[in-house]
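Enquirer: My structure is below; once you've seen it, I'll send some questions.
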Amino acid sequence: MDQSTERIGFGKGRLESLSDGIFAFAMTLLAFGVGYPFTIKGISAAAIGDYIVSLYPDFIHYIIAFVIVAAFWMIHHMQSHHIKFVDRAFLWLNILALMFIALIPFSSSIAGDFPNVPLTALVFEVNLLAAGLLFHVQWQYATKDHYLVDKNLSPSVIRSGKELTLVIPVFSCAGIVLALLNIPYSAGVYLFIPLFLLFRYIGPLKLEF
C-alpha cells in the first residue's frame, strides 16, 4: 500500500455499491407514488378510464422525479469515475446526499398528490436542492488541491464537474421561487433539465466519464 492510500484510507468500491443500490431503490420506489385502486371489482370501464386520467399529475411527477434521480446518478457516476479514494469526510457527505436521494419518492409523491398546493412543491424542490448542493460540496471537497482525484486531472474537467453539480440546484431555486409565488405545477421547471444537459454537457462540452 502506497502512502497516498494510507493517508486517505478507503477504497471506493463499497461506497459505489451502496450508492447504486439506493439509486436503484429510489427509482423503483417512484412508481409506487402513482396511485392505483386497491380493488377494481364492479368498476366500469368508463370509471377506470376516468381514474387513470385523474392520475396525470402523479405520472408527470413520476417522470420528473425519475429523470432527476437519473441525472443525480449520472453526476455520481462522473464523480466516482474520477475519484480514486475516499476519506471519512467524503463518506459522510455522500451518505447525507444519499439520504436526500432516498427521500425523493416521498417528496415527489406528495407533490403529485397535491399538484395545486405550492407547499408540497416546495417540499419536493427543497429536497432536490439539498441533494444537489451536497453533490456539489463533495465534488468541491474531492477536487480541492486534487485531494481525492488523480493529480493529472485537468482543471477543465474539474470545472465542468462543478458546473454539472449546480444544474439541479439552479433549477430547484427557480422552482422554489415559483412555489413561493403560489404558482401551481412549479415542479414543471425540471422538465427542462434533460434538454439543458443534452445541449450543455453532452453536446459542445462533452464531459469526460
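So you can find residues: chains in the C-alpha cells are A, B, ... in the order shown, residues in each start at 1, and ligands are numbered from 1 in order.
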Enumerate as a VMD selection string all residues of region 66-164 of chain A assigned to helix (DSSP H, G or I) by DSSP on the backbone, naming them with the chain letters and numbers the document uses.
Expert: chain A and resid 66 to 82 88 to 113 118 to 146 155 to 164
Enquirer: Restricted to C-alpha atoms, what would the selected residues look like written as an mmCIF file, in the first residue's frame?
Expert:
data_model
loop_
_atom_site.group_PDB
_atom_site.id
_atom_site.type_symbol
_atom_site.label_atom_id
_atom_site.label_comp_id
_atom_site.auth_asym_id
_atom_site.auth_seq_id
_atom_site.Cartn_x
_atom_site.Cartn_y
_atom_site.Cartn_z
ATOM 1 C CA PHE A 66 -37.227 9.678 -12.400
ATOM 2 C CA VAL A 67 -35.320 11.966 -14.762
ATOM 3 C CA ILE A 68 -33.878 13.935 -11.849
ATOM 4 C CA VAL A 69 -32.760 10.811 -9.976
ATOM 5 C CA ALA A 70 -31.185 9.592 -13.219
ATOM 6 C CA ALA A 71 -29.379 12.946 -13.513
ATOM 7 C CA PHE A 72 -28.131 12.586 -9.939
ATOM 8 C CA TRP A 73 -26.905 9.085 -10.754
ATOM 9 C CA MET A 74 -25.072 10.470 -13.805
ATOM 10 C CA ILE A 75 -23.408 13.091 -11.594
ATOM 11 C CA HIS A 76 -22.458 10.434 -9.062
ATOM 12 C CA HIS A 77 -21.066 8.246 -11.856
ATOM 13 C CA MET A 78 -18.942 11.135 -13.112
ATOM 14 C CA GLN A 79 -17.577 11.799 -9.651
ATOM 15 C CA SER A 80 -16.862 8.138 -8.928
ATOM 16 C CA HIS A 81 -15.040 7.784 -12.226
ATOM 17 C CA HIS A 82 -12.506 10.435 -11.268
ATOM 18 C CA ARG A 88 -14.351 9.663 6.253
ATOM 19 C CA ALA A 89 -15.481 13.219 5.496
ATOM 20 C CA PHE A 90 -16.305 12.367 1.871
ATOM 21 C CA LEU A 91 -18.007 9.172 3.028
ATOM 22 C CA TRP A 92 -20.377 11.115 5.268
ATOM 23 C CA LEU A 93 -21.024 13.759 2.637
ATOM 24 C CA ASN A 94 -22.042 11.015 0.243
ATOM 25 C CA ILE A 95 -24.241 9.317 2.847
ATOM 26 C CA LEU A 96 -26.020 12.615 3.549
ATOM 27 C CA ALA A 97 -26.590 13.110 -0.179
ATOM 28 C CA LEU A 98 -27.985 9.578 -0.462
ATOM 29 C CA MET A 99 -30.332 10.307 2.457
ATOM 30 C CA PHE A 100 -31.973 13.031 0.361
ATOM 31 C CA ILE A 101 -31.970 10.806 -2.738
ATOM 32 C CA ALA A 102 -33.884 8.155 -0.782
ATOM 33 C CA LEU A 103 -36.393 10.859 0.260
ATOM 34 C CA ILE A 104 -37.267 11.834 -3.332
ATOM 35 C CA PRO A 105 -40.016 9.171 -3.753
ATOM 36 C CA PHE A 106 -41.807 10.641 -0.707
ATOM 37 C CA SER A 107 -41.480 14.309 -1.697
ATOM 38 C CA SER A 108 -42.376 13.506 -5.307
ATOM 39 C CA SER A 109 -45.443 11.539 -4.198
ATOM 40 C CA ILE A 110 -46.951 14.323 -2.084
ATOM 41 C CA ALA A 111 -46.208 16.864 -4.831
ATOM 42 C CA GLY A 112 -48.068 14.652 -7.290
ATOM 43 C CA ASP A 113 -50.991 14.032 -4.916
ATOM 44 C CA PRO A 118 -47.400 25.176 -3.581
ATOM 45 C CA LEU A 119 -46.221 23.881 -0.178
ATOM 46 C CA THR A 120 -45.959 20.303 -1.470
ATOM 47 C CA ALA A 121 -43.947 21.513 -4.483
ATOM 48 C CA LEU A 122 -41.726 23.451 -2.075
ATOM 49 C CA VAL A 123 -41.001 20.265 -0.099
ATOM 50 C CA PHE A 124 -40.052 18.471 -3.324
ATOM 51 C CA GLU A 125 -37.837 21.304 -4.535
ATOM 52 C CA VAL A 126 -36.058 21.792 -1.205
ATOM 53 C CA ASN A 127 -35.381 18.043 -1.186
ATOM 54 C CA LEU A 128 -33.725 18.266 -4.607
ATOM 55 C CA LEU A 129 -31.848 21.440 -3.663
ATOM 56 C CA ALA A 130 -30.337 19.759 -0.586
ATOM 57 C CA ALA A 131 -29.267 16.691 -2.561
ATOM 58 C CA GLY A 132 -27.803 18.796 -5.368
ATOM 59 C CA LEU A 133 -25.829 21.056 -3.050
ATOM 60 C CA LEU A 134 -24.368 18.056 -1.216
ATOM 61 C CA PHE A 135 -23.175 16.549 -4.508
ATOM 62 C CA HIS A 136 -21.614 19.901 -5.325
ATOM 63 C CA VAL A 137 -19.899 20.140 -1.939
ATOM 64 C CA GLN A 138 -18.480 16.643 -2.152
ATOM 65 C CA TRP A 139 -17.050 17.321 -5.625
ATOM 66 C CA GLN A 140 -15.511 20.558 -4.345
ATOM 67 C CA TYR A 141 -14.054 18.643 -1.409
ATOM 68 C CA ALA A 142 -12.665 15.835 -3.560
ATOM 69 C CA THR A 143 -11.052 18.097 -6.149
ATOM 70 C CA LYS A 144 -9.589 20.806 -3.912
ATOM 71 C CA ASP A 145 -5.826 20.510 -4.408
ATOM 72 C CA HIS A 146 -6.645 17.218 -6.209
ATOM 73 C CA PRO A 155 -8.805 21.913 -14.467
ATOM 74 C CA SER A 156 -11.400 21.938 -17.263
ATOM 75 C CA VAL A 157 -12.815 18.585 -16.131
ATOM 76 C CA ILE A 158 -12.922 19.782 -12.518
ATOM 77 C CA ARG A 159 -14.650 22.992 -13.571
ATOM 78 C CA SER A 160 -17.133 21.101 -15.757
ATOM 79 C CA GLY A 161 -17.922 18.806 -12.842
ATOM 80 C CA LYS A 162 -18.627 21.787 -10.604
ATOM 81 C CA GLU A 163 -20.931 23.285 -13.217
ATOM 82 C CA LEU A 164 -22.753 19.984 -13.653
#
Enquirer: When you count only C-alpha atoms, which of these residues is closest to Leu191 (chain A): A:Val149, A:Glu16, A:Ile64, A:Ile48?
Expert: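 Residue with the minimum atom-to-atom distance to Leu191 (chain A): A:Ile64.
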Enquirer: Give the answer as one residue: which of A:Leu197, A:Ala46, A:Val86, A:Ala65 has the shortest atom-to-atom distance to Leu29 (chain A), using only C-alpha atoms?
Expert: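 Distance minimum relative to Leu29 (chain A) lands on A:Ala65.
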Enquirer: Could you jot down the CA of Val189 (chain A) to CA of Ala174 (chain A) separation for me, Å, one decimal place?
Expert: 7.5 Å
Enquirer: Hey, can you check how far CA of Lys84 (chain A) sits from CA of Gly11 (chain A)?
Expert: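 Answer for the CA of Lys84 (chain A) to CA of Gly11 (chain A) separation: 7.6 Å.
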Enquirer: Expressed in Å to a single decimal, how great is the separation between CA of Asn116 (chain A) and CA of Ala31 (chain A)?
Expert: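 Computing the Euclidean distance for CA of Asn116 (chain A) and CA of Ala31 (chain A) yields 20.7 Å.
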